[in-house]
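data_17.csv, holding CSV, C-alpha atoms:
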chain,number,residue,atom,x,y,z
A,1,MET,CA,24.8,5.2,24.6
A,2,THR,CA,23.3,2.4,22.6
A,3,THR,CA,22.4,2.6,18.9
A,4,SER,CA,18.7,2.8,19.8
A,5,ASP,CA,19.3,5.8,22.0
A,6,GLN,CA,20.8,7.6,18.9
A,7,ILE,CA,17.7,7.1,16.8
A,8,ALA,CA,15.5,10.1,16.9
A,9,GLU,CA,11.8,9.8,17.4
A,10,PRO,CA,9.9,11.0,14.2
A,11,THR,CA,8.4,14.4,14.7
A,12,ALA,CA,4.7,14.9,14.2
A,13,ALA,CA,3.8,16.3,10.8
A,14,THR,CA,2.5,19.9,10.7
A,15,ASP,CA,-1.0,20.6,9.4
A,16,GLU,CA,0.7,22.1,6.3
A,17,GLN,CA,2.6,18.8,5.7
A,18,LEU,CA,-0.6,16.8,6.2
A,19,GLU,CA,-2.4,19.0,3.7
A,20,GLN,CA,0.5,18.4,1.3
A,21,GLU,CA,0.1,14.6,1.9
A,22,GLY,CA,-3.6,14.9,1.2
A,23,ASP,CA,-3.0,16.8,-2.1
A,24,ILE,CA,-0.4,14.2,-3.2
A,25,ALA,CA,-2.7,11.3,-2.3
A,26,ALA,CA,-5.6,13.0,-4.1
A,27,ASP,CA,-3.5,13.3,-7.3
A,28,TYR,CA,-2.4,9.7,-7.0
A,29,LEU,CA,-6.0,8.4,-6.5
A,30,GLU,CA,-7.4,10.6,-9.3
A,31,GLY,CA,-4.9,8.9,-11.6
A,32,LEU,CA,-5.9,5.5,-10.4
A,33,LEU,CA,-9.6,6.3,-10.8
A,34,ASP,CA,-9.0,7.6,-14.3
A,35,ILE,CA,-7.1,4.4,-15.3
A,36,ALA,CA,-10.0,2.3,-13.9
A,37,ASP,CA,-12.6,4.7,-15.6
A,38,ILE,CA,-14.4,5.2,-12.2
A,39,ASP,CA,-16.0,8.5,-11.4
A,40,GLY,CA,-15.4,9.7,-7.9
A,41,ASP,CA,-15.1,12.9,-5.9
A,42,LEU,CA,-12.3,13.4,-3.5
A,43,ALA,CA,-12.5,15.2,-0.1
A,44,LEU,CA,-9.5,16.0,2.0
A,45,ASP,CA,-9.3,16.7,5.7
A,46,VAL,CA,-6.7,16.9,8.4
A,47,ARG,CA,-7.6,15.8,11.9
A,48,ALA,CA,-5.9,14.1,14.9
A,49,GLY,CA,-2.5,14.3,13.3
A,50,ARG,CA,-3.5,12.5,10.1
A,51,ALA,CA,-4.5,13.3,6.6
A,52,TYR,CA,-7.8,11.8,5.6
A,53,VAL,CA,-8.9,11.3,2.0
A,54,SER,CA,-12.4,10.2,1.1
A,55,VAL,CA,-13.6,9.1,-2.3
A,56,GLU,CA,-17.3,9.5,-2.8
A,57,ALA,CA,-19.7,9.2,-5.8
A,58,ASP,CA,-23.3,10.1,-6.5
A,59,ASP,CA,-23.8,6.5,-7.8
A,60,ALA,CA,-22.6,4.5,-4.8
A,61,GLY,CA,-22.5,1.4,-7.0
A,62,SER,CA,-19.6,2.9,-9.0
A,63,LEU,CA,-17.3,2.5,-6.0
A,64,SER,CA,-18.5,-0.9,-4.8
A,65,ALA,CA,-15.6,-2.7,-6.4
A,66,LEU,CA,-13.2,-0.5,-4.5
A,67,SER,CA,-15.0,-0.2,-1.1
A,68,HIS,CA,-14.3,-3.7,0.2
A,69,PRO,CA,-12.2,-3.4,3.4
A,70,ASP,CA,-9.3,-5.4,2.0
A,71,THR,CA,-9.2,-3.3,-1.2
A,72,VAL,CA,-9.4,-0.1,0.7
A,73,GLN,CA,-6.5,-1.3,2.9
A,74,ALA,CA,-4.4,-2.2,-0.1
A,75,LEU,CA,-5.2,1.2,-1.9
A,76,GLN,CA,-4.4,3.0,1.4
A,77,GLU,CA,-1.0,1.3,1.5
A,78,LEU,CA,-0.2,2.1,-2.1
A,79,THR,CA,-1.3,5.7,-1.6
A,80,ARG,CA,0.8,6.0,1.6
A,81,LEU,CA,3.8,4.7,-0.5
A,82,ALA,CA,3.1,7.3,-3.2
A,83,VAL,CA,3.0,10.1,-0.6
A,84,GLN,CA,6.2,8.8,1.1
A,85,ASN,CA,8.0,8.6,-2.2
A,86,SER,CA,7.1,12.2,-2.9
A,87,THR,CA,7.7,13.7,0.5
A,88,GLY,CA,10.4,11.4,2.0
A,89,ARG,CA,8.3,11.1,5.2
A,90,PHE,CA,6.3,8.2,6.5
A,91,SER,CA,2.6,8.8,6.0
A,92,ARG,CA,-0.2,7.7,8.3
A,93,LEU,CA,-2.9,8.8,5.8
A,94,ILE,CA,-6.3,7.3,6.2
A,95,LEU,CA,-8.4,6.4,3.0
A,96,ASP,CA,-12.1,6.0,2.9
A,97,ILE,CA,-13.9,4.8,-0.2
A,98,GLY,CA,-17.7,5.0,-0.4
A,99,GLY,CA,-18.2,5.0,3.3
A,100,SER,CA,-16.0,2.0,3.8
A,101,ARG,CA,-14.6,3.3,7.1
A,102,ASP,CA,-18.1,3.7,8.6
A,103,ALA,CA,-19.0,0.2,7.4
A,104,ARG,CA,-15.8,-1.2,9.0
A,105,GLN,CA,-16.5,0.6,12.2
A,106,ARG,CA,-19.9,-1.1,12.4
A,107,GLN,CA,-18.3,-4.5,11.7
A,108,LEU,CA,-15.7,-3.9,14.5
A,109,GLU,CA,-18.5,-2.9,16.9
A,110,THR,CA,-20.2,-6.2,16.1
A,111,LEU,CA,-17.0,-8.1,16.7
A,112,VAL,CA,-16.5,-6.4,20.0
A,113,ASP,CA,-20.1,-7.0,21.1
A,114,ARG,CA,-19.7,-10.7,20.3
A,115,ALA,CA,-16.5,-10.8,22.4
A,116,ILE,CA,-18.2,-9.0,25.2
A,117,SER,CA,-21.0,-11.7,25.1
A,118,ARG,CA,-18.3,-14.4,25.5
A,119,LEU,CA,-16.9,-12.5,28.5
A,120,GLU,CA,-20.4,-12.1,30.0
A,121,GLU,CA,-20.9,-15.9,29.6
A,122,GLY,CA,-17.8,-16.5,31.8
A,123,ALA,CA,-14.8,-16.4,29.5
A,124,SER,CA,-11.8,-14.7,31.1
A,125,GLN,CA,-10.7,-13.1,27.9
A,126,ALA,CA,-11.8,-12.9,24.3
A,127,SER,CA,-9.4,-12.7,21.3
A,128,LEU,CA,-10.3,-10.9,18.1
A,129,PRO,CA,-8.8,-11.7,14.7
A,130,ALA,CA,-5.6,-10.1,13.5
A,131,MET,CA,-6.2,-6.6,12.0
A,132,SER,CA,-4.4,-3.4,11.1
A,133,SER,CA,-3.1,-0.9,13.7
A,134,TYR,CA,-5.9,1.5,12.8
A,135,GLU,CA,-8.6,-1.2,13.2
A,136,ARG,CA,-7.0,-2.2,16.6
A,137,LYS,CA,-7.1,1.4,17.7
A,138,LEU,CA,-10.8,1.5,16.9
A,139,VAL,CA,-11.4,-1.8,18.8
A,140,HIS,CA,-9.6,-0.4,21.8
A,141,ASP,CA,-11.8,2.7,21.7
A,142,ILE,CA,-15.0,0.6,21.3
A,143,ALA,CA,-14.0,-1.7,24.1
A,144,ALA,CA,-13.2,1.3,26.4
A,145,ASP,CA,-16.5,2.9,25.5
A,146,ARG,CA,-18.3,-0.3,26.6
A,147,GLY,CA,-16.3,-0.5,29.9
A,148,TYR,CA,-13.9,-3.3,28.9
A,149,SER,CA,-10.1,-3.3,28.8
A,150,SER,CA,-8.2,-4.4,25.7
A,151,GLU,CA,-4.6,-5.1,24.8
A,152,SER,CA,-2.8,-6.0,21.5
A,153,PHE,CA,-0.7,-9.1,21.2
A,154,GLY,CA,1.4,-10.7,18.5
A,155,GLU,CA,3.7,-9.3,15.8
A,156,GLY,CA,3.2,-8.1,12.3
A,157,ALA,CA,0.3,-9.5,10.4
A,158,ASP,CA,-0.6,-11.7,13.4
A,159,ARG,CA,-1.1,-8.7,15.8
A,160,HIS,CA,-4.6,-9.0,17.4
A,161,THR,CA,-6.6,-7.6,20.3
A,162,VAL,CA,-7.7,-9.4,23.4
A,163,LEU,CA,-10.6,-8.0,25.5
A,164,ARG,CA,-11.1,-8.5,29.3
A,165,ARG,CA,-13.5,-7.2,31.8
A,166,GLY,CA,-12.7,-3.6,32.9
As structure tokens, the full file:
Amino acid sequence: MTTSDQIAEPTAATDEQLEQEGDIAADYLEGLLDIADIDGDLALDVRAGRAYVSVEADDAGSLSALSHPDTVQALQELTRLAVQNSTGRFSRLILDIGGSRDARQRQLETLVDRAISRLEEGASQASLPAMSSYERKLVHDIAADRGYSSESFGEGADRHTVLRRG
């Protein structure tokens, strides 16, 4: 038996554990919002084996500094670390700030549509820029919905998606 055979696969978190992750994340984010003197309401949800935390505000402009995709990604990673530090478990928590996830979904749809245009013009494949695993999953879903195949290539921060005709 090799060492890799001895490593146990992580078990999926229960809904109760995911709710706990959401609560821990909400407490952490409330602290950050207080420090930054930003008003925001937090909503928690559990779906598809992940905890989702959304930060919304009546005045959408108050969250504009935080809703940039790179900022959301960084805050998500910090929040995941805070949850992991508290629970001792890896967290796949998803953070949305001021509708940033919907905005990013639309951007990814545009990227996929441009890649599809290149394929329809005769390219054998179309590579997209490197992105997070969550964004690559969204790209795979978008491509499949449009009848195209996709695959991820590369390692770490260089991991990207390549589209081909279905």
_Can you pull out the residues contacting stretch 92-94 of chain A? Cut-off 7 Å, using all atoms listed in the file, and skip same-chain residues under 5 positions away; I want them as number ranges by chain._
A: 50-53, 76, 80
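Counting from atom CA of A:Ala43, the distance to atom CA of A:Gly22 is 9.0 Å.
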*What's the 8 Å shell around A:Gly166, counting all atoms listed in the file, without same-chain residues fewer than 4 positions away, as a VMD selection string?*
chain A and resid 147 to 149
*Please, what distance in Å, to one decimal, runs between atom CA of A:Thr71 and atom CA of A:Val46?*
22.5 Å
*Which residue out of A:Ser124, A:Leu42, A:His160, A:Asp27 has the minimum interatomic distance to A:Lys137 when only C-alpha atoms are used?*
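Answer, going by the shortest atom-to-atom distance: A:His160.
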*asked:* Taking 3 positions as the minimum chain separation for residues in the same chain, which residues sit within 8 Å of A:Glu21 when counting all atoms listed in the file? Answer as a VMD selection string.
replied: chain A and resid 17 to 18 24 to 25 51 83 87 91 93
*Nearest to A:Arg47 by atom-to-atom distance, counting only C-alpha atoms, from A:Leu33, A:Ala13, A:Ala123, A:Leu128*: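 With only C-alpha atoms as the atom set, the closest residue is A:Ala13.
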*asked:* Please report the interatomic distance between atom CA of A:Arg159 and atom CA of A:Arg114 in Å with one decimal.
replied: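 Straight-line distance from atom CA of A:Arg159 to atom CA of A:Arg114 works out to 19.2 Å.
Distances here use only C-alpha atoms; by that measure, the residue among A:Tyr28, A:Arg136, A:Asp41, A:Ser100 closest to A:Ser64 is A:Ser100.
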*Pick from A:Glu155, A:Glu120, A:Asp70, A:Glu19 nearest to A:Asp96, counting all atoms listed in the file*: A:Asp70
*Using only C-alpha atoms, which of the listed residues (A:Glu151, A:Glu30, A:Glu121, A:Asp15) sits closest to A:Ser54?*
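Result for the nearest residue to A:Ser54: A:Glu30.
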*Within 10 Å of A:Ala157, counting all atoms listed in the file, which residues show up once you throw out same-chain ones fewer than 4 positions away? Write them as a PyMOL selection string, please.*
chain A and resi 130-133
Could you complete stretch 59-70 of chain A so that it carries all heavy atoms, and give it back as an mmCIF file, keeping the file's coordinate frame?
data_model
loop_
_atom_site.group_PDB
_atom_site.id
_atom_site.type_symbol
_atom_site.label_atom_id
_atom_site.label_comp_id
_atom_site.auth_asym_id
_atom_site.auth_seq_id
_atom_site.Cartn_x
_atom_site.Cartn_y
_atom_site.Cartn_z
ATOM 1 N N ASP A 59 -23.293 7.910 -7.540
ATOM 2 C CA ASP A 59 -23.800 6.500 -7.800
ATOM 3 C C ASP A 59 -22.877 5.627 -6.892
ATOM 4 O O ASP A 59 -21.749 5.288 -7.263
ATOM 5 C CB ASP A 59 -23.622 6.172 -9.242
ATOM 6 C CG ASP A 59 -23.934 4.707 -9.513
ATOM 7 O OD1 ASP A 59 -24.580 4.061 -8.661
ATOM 8 O OD2 ASP A 59 -23.521 4.218 -10.584
ATOM 9 N N ALA A 60 -23.382 5.267 -5.712
ATOM 10 C CA ALA A 60 -22.600 4.500 -4.800
ATOM 11 C C ALA A 60 -22.109 3.161 -5.397
ATOM 12 O O ALA A 60 -21.047 2.653 -5.040
ATOM 13 C CB ALA A 60 -23.416 4.164 -3.523
ATOM 14 N N GLY A 61 -22.858 2.626 -6.338
ATOM 15 C CA GLY A 61 -22.500 1.400 -7.000
ATOM 16 C C GLY A 61 -21.176 1.490 -7.759
ATOM 17 O O GLY A 61 -20.468 0.502 -7.944
ATOM 18 N N SER A 62 -20.853 2.697 -8.219
ATOM 19 C CA SER A 62 -19.600 2.900 -9.000
ATOM 20 C C SER A 62 -18.372 2.623 -8.193
ATOM 21 O O SER A 62 -17.325 2.314 -8.744
ATOM 22 C CB SER A 62 -19.597 4.237 -9.676
ATOM 23 O OG SER A 62 -19.464 5.244 -8.697
ATOM 24 N N LEU A 63 -18.470 2.746 -6.875
ATOM 25 C CA LEU A 63 -17.300 2.500 -6.000
ATOM 26 C C LEU A 63 -17.331 1.178 -5.312
ATOM 27 O O LEU A 63 -16.411 0.857 -4.562
ATOM 28 C CB LEU A 63 -17.230 3.636 -4.947
ATOM 29 C CG LEU A 63 -17.021 5.063 -5.444
ATOM 30 C CD1 LEU A 63 -17.049 6.036 -4.287
ATOM 31 C CD2 LEU A 63 -15.717 5.173 -6.220
ATOM 32 N N SER A 64 -18.361 0.380 -5.564
ATOM 33 C CA SER A 64 -18.500 -0.900 -4.800
ATOM 34 C C SER A 64 -17.320 -1.807 -4.985
ATOM 35 O O SER A 64 -16.951 -2.503 -4.040
ATOM 36 C CB SER A 64 -19.808 -1.578 -5.210
ATOM 37 O OG SER A 64 -19.780 -1.940 -6.578
ATOM 38 N N ALA A 65 -16.714 -1.822 -6.160
ATOM 39 C CA ALA A 65 -15.600 -2.700 -6.400
ATOM 40 C C ALA A 65 -14.352 -2.273 -5.559
ATOM 41 O O ALA A 65 -13.497 -3.094 -5.234
ATOM 42 C CB ALA A 65 -15.187 -2.730 -7.857
ATOM 43 N N LEU A 66 -14.309 -0.993 -5.199
ATOM 44 C CA LEU A 66 -13.200 -0.500 -4.500
ATOM 45 C C LEU A 66 -13.402 -0.382 -2.947
ATOM 46 O O LEU A 66 -12.460 -0.192 -2.190
ATOM 47 C CB LEU A 66 -12.783 0.917 -4.969
ATOM 48 C CG LEU A 66 -12.359 1.028 -6.421
ATOM 49 C CD1 LEU A 66 -12.057 2.483 -6.757
ATOM 50 C CD2 LEU A 66 -11.158 0.156 -6.707
ATOM 51 N N SER A 67 -14.649 -0.457 -2.504
ATOM 52 C CA SER A 67 -15.000 -0.200 -1.100
ATOM 53 C C SER A 67 -14.881 -1.384 -0.180
ATOM 54 O O SER A 67 -15.127 -1.257 1.016
ATOM 55 C CB SER A 67 -16.331 0.492 -0.991
ATOM 56 O OG SER A 67 -17.348 -0.366 -1.464
ATOM 57 N N HIS A 68 -14.514 -2.551 -0.699
ATOM 58 C CA HIS A 68 -14.300 -3.700 0.200
ATOM 59 C C HIS A 68 -13.132 -3.412 1.097
ATOM 60 O O HIS A 68 -12.114 -2.846 0.661
ATOM 61 C CB HIS A 68 -14.007 -4.966 -0.690
ATOM 62 C CG HIS A 68 -13.892 -6.203 0.109
ATOM 63 N ND1 HIS A 68 -12.707 -6.578 0.712
ATOM 64 C CD2 HIS A 68 -14.807 -7.150 0.432
ATOM 65 C CE1 HIS A 68 -12.903 -7.704 1.361
ATOM 66 N NE2 HIS A 68 -14.165 -8.074 1.204
ATOM 67 N N PRO A 69 -13.242 -3.754 2.387
ATOM 68 C CA PRO A 69 -12.200 -3.400 3.400
ATOM 69 C C PRO A 69 -10.768 -3.796 2.934
ATOM 70 O O PRO A 69 -9.823 -3.026 3.116
ATOM 71 C CB PRO A 69 -12.602 -4.122 4.635
ATOM 72 C CG PRO A 69 -14.080 -4.230 4.517
ATOM 73 C CD PRO A 69 -14.368 -4.418 3.049
ATOM 74 N N ASP A 70 -10.598 -4.993 2.377
ATOM 75 C CA ASP A 70 -9.300 -5.400 2.000
ATOM 76 C C ASP A 70 -8.740 -4.561 0.808
ATOM 77 O O ASP A 70 -7.545 -4.245 0.746
ATOM 78 C CB ASP A 70 -9.259 -6.892 1.533
ATOM 79 C CG ASP A 70 -9.479 -7.838 2.707
ATOM 80 O OD1 ASP A 70 -9.235 -7.425 3.864
ATOM 81 O OD2 ASP A 70 -9.897 -8.986 2.464
#
